[in-house]
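Read the structure below first, then the notes.
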Amino acid sequence: MKETIENHFKENYKSYLYYMLVFIIGVTIGIIAVNNLNIENKEKINNYLIEFSRNIKEQNNINYGLLLKHSISNNIKFIGILIILSLSIWRKLSTSILIGYKGFSLGYAISSVILILGMGKGIVFNISLILLSEIIFIPTIIFTGIFCINNYNQIIKSRTKNISLIKYIIVFMLIIFSSILSSLIKTFLSTNLFLMLNNYF
């Protein structure tokens, strides 16, 4: 198993570097977009964050079940769209667009929070509610895209089609597990960590 993972990364390190670059470009564009927002849009973000923080402080009973369901649904939908597009004729372009979009969304969210709340509280907000869960989910989507693209021709043309399908089932189960783990971290660890830290602001 260890050897298989090592071989995978050795054979695909250029692809990982490429998609990491795409992701970083997306993050950068998201940051630039926030810095160029007009006063009206900045005010909307400010009002949203103030209302969100107030609701978190005042709400004693958080519906973790609903939060978890919503997070898992979003993650699985994103992974599902990524898998479908990465097996299409435009697989590399589609995968690049989705990973770039994910980077843009993350950069936009992080930069918006810091812009409105300031560096101190912004960092607390980002680490507790955004980055902890994304640490798992971002590598998951990059791996998913690369795996699907690399195995597209094997599923269609390979004589060992059954072995390929079994491998896909195992890998997809691991992908789903990682997505759910990301949601669990976001729902329970991130939310409670933010609640604890938010009391100091």
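By convention here, the chains of the structure tokens are called A, B, ... in the order presented, each chain's residues are numbered starting at 1, and ligands are numbered starting at 1 in the order presented.
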Report as a ChimeraX atom specification all protein, DNA and RNA residues lying within 12 Å of Lys44 of chain A, evaluated on only C-alpha atoms, omitting residues in the same chain fewer than 6 positions from it. /A:37-38,50-51,112-113,116
Residues as selected, C-alpha atoms, written as a PDB file, in the first residue's frame, can you do that?
```pdb
ATOM      1  CA  LEU A  37     -14.692  45.558  -4.041  1.00  0.00           C
ATOM      2  CA  ASN A  38     -16.644  48.784  -3.901  1.00  0.00           C
ATOM      3  CA  ILE A  50     -21.494  40.899  12.163  1.00  0.00           C
ATOM      4  CA  GLU A  51     -24.850  39.114  12.000  1.00  0.00           C
ATOM      5  CA  SER A 112     -13.166  39.149   2.979  1.00  0.00           C
ATOM      6  CA  VAL A 113     -13.030  38.106   6.622  1.00  0.00           C
ATOM      7  CA  ILE A 116     -13.806  43.350   7.512  1.00  0.00           C
TER       8      ILE A 116
END
```
Between atom CA of Ser128 of chain A and atom CA of Ile79 of chain A, what is the spacing in Å?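 Atom CA of Ser128 of chain A lies 23.0 Å from atom CA of Ile79 of chain A.
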Which neighbours of Ser178 of chain A fall inside 12 Å, counting only C-alpha atoms, when residues of the same chain fewer than 5 positions from it are skipped, and could you give them as a list of chain:residue names? A:Ile72, A:Asn75, A:Ile76, A:Ile79, A:Ser133, A:Glu134, A:Ile135, A:Ile136, A:Phe137, A:Ile138, A:Pro139, A:Thr140, A:Ile141, A:Phe143, A:Thr144, A:Val171, A:Phe172, A:Met173, A:Ser183, A:Leu184, A:Ile185
Excluding Ser86 of chain A and any residue of its chain fewer than 2 positions from it, enumerate the residues within 9 Å of it, using only C-alpha atoms, and give them as a count of residues only. 19
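Atom CA of Ile45 of chain A is found 23.1 Å from atom CA of Ile24 of chain A.
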Atom CA of Phe125 of chain A to atom CA of Glu43 of chain A, straight-line distance in Å: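 One can read the atom CA of Glu43 of chain A to atom CA of Phe125 of chain A distance as 18.2 Å.
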Return as CSV the residues of segment 88-141 of chain A lying at most 10 Å from segment 187-194 of chain A, together with the closest atom-to-atom pair for each and the distance in Å to one decimal, counting only C-alpha atoms, with rows in chain order and ascending residue number.
```
residue,atom,partner,partner_atom,distance
A:Val124,CA,A:Phe194,CA,7.6
A:Phe125,CA,A:Phe194,CA,6.8
A:Asn126,CA,A:Phe194,CA,9.3
A:Ile127,CA,A:Ser190,CA,8.2
A:Ser128,CA,A:Ser190,CA,4.9
A:Leu129,CA,A:Ser190,CA,5.0
A:Ile130,CA,A:Ser190,CA,7.8
A:Leu131,CA,A:Ser190,CA,8.9
A:Leu132,CA,A:Ser190,CA,6.8
A:Ser133,CA,A:Ser190,CA,7.6
```
How would the residues just chosen look if you wrote them out with N, CA and C atoms as a short mmCIF file (atom, residue, chain, number, x, y, z; two decimals), in the first residue's frame?
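Saved as selection.cif:
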```cif
data_model
loop_
_atom_site.label_atom_id
_atom_site.label_comp_id
_atom_site.auth_asym_id
_atom_site.auth_seq_id
_atom_site.Cartn_x
_atom_site.Cartn_y
_atom_site.Cartn_z
N VAL A 124 -8.41 34.30 13.40
CA VAL A 124 -9.13 33.36 14.26
C VAL A 124 -10.33 32.77 13.53
N PHE A 125 -11.09 33.62 12.88
CA PHE A 125 -12.27 33.19 12.13
C PHE A 125 -11.87 32.21 11.02
N ASN A 126 -10.84 32.56 10.26
CA ASN A 126 -10.42 31.74 9.12
C ASN A 126 -9.89 30.38 9.55
N ILE A 127 -9.04 30.38 10.56
CA ILE A 127 -8.45 29.12 11.01
C ILE A 127 -9.51 28.20 11.59
N SER A 128 -10.38 28.76 12.42
CA SER A 128 -11.35 27.92 13.13
C SER A 128 -12.47 27.44 12.23
N LEU A 129 -12.98 28.29 11.35
CA LEU A 129 -14.17 27.92 10.58
C LEU A 129 -13.89 27.52 9.13
N ILE A 130 -12.76 27.90 8.58
CA ILE A 130 -12.51 27.65 7.16
C ILE A 130 -11.35 26.68 6.93
N LEU A 131 -10.19 27.01 7.45
CA LEU A 131 -8.98 26.31 7.06
C LEU A 131 -8.87 24.89 7.60
N LEU A 132 -9.38 24.65 8.81
CA LEU A 132 -9.24 23.31 9.40
C LEU A 132 -9.86 22.23 8.53
N SER A 133 -11.06 22.47 8.04
CA SER A 133 -11.73 21.47 7.21
C SER A 133 -11.16 21.44 5.80
#
```
Would you list, as a VMD selection string, the residues of segment 60-103 of chain A that end up in alpha helix (DSSP H) under DSSP run on this structure's backbone? chain A and resid 64 to 86 91 to 103
Pick the closest to Tyr101 of chain A from A:Leu17, A:Val27, A:Leu195, A:Ile176: which is it, counting only C-alpha atoms?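 When distances to Tyr101 of chain A are compared using only C-alpha atoms, the smallest one comes from A:Val27.
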Nearest residue to Val22 of chain A from the set A:Lys77, A:Lys121, A:His70, A:Lys102 (distances using only C-alpha atoms):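 Of the candidates, the smallest distance to Val22 of chain A is held by A:Lys102.
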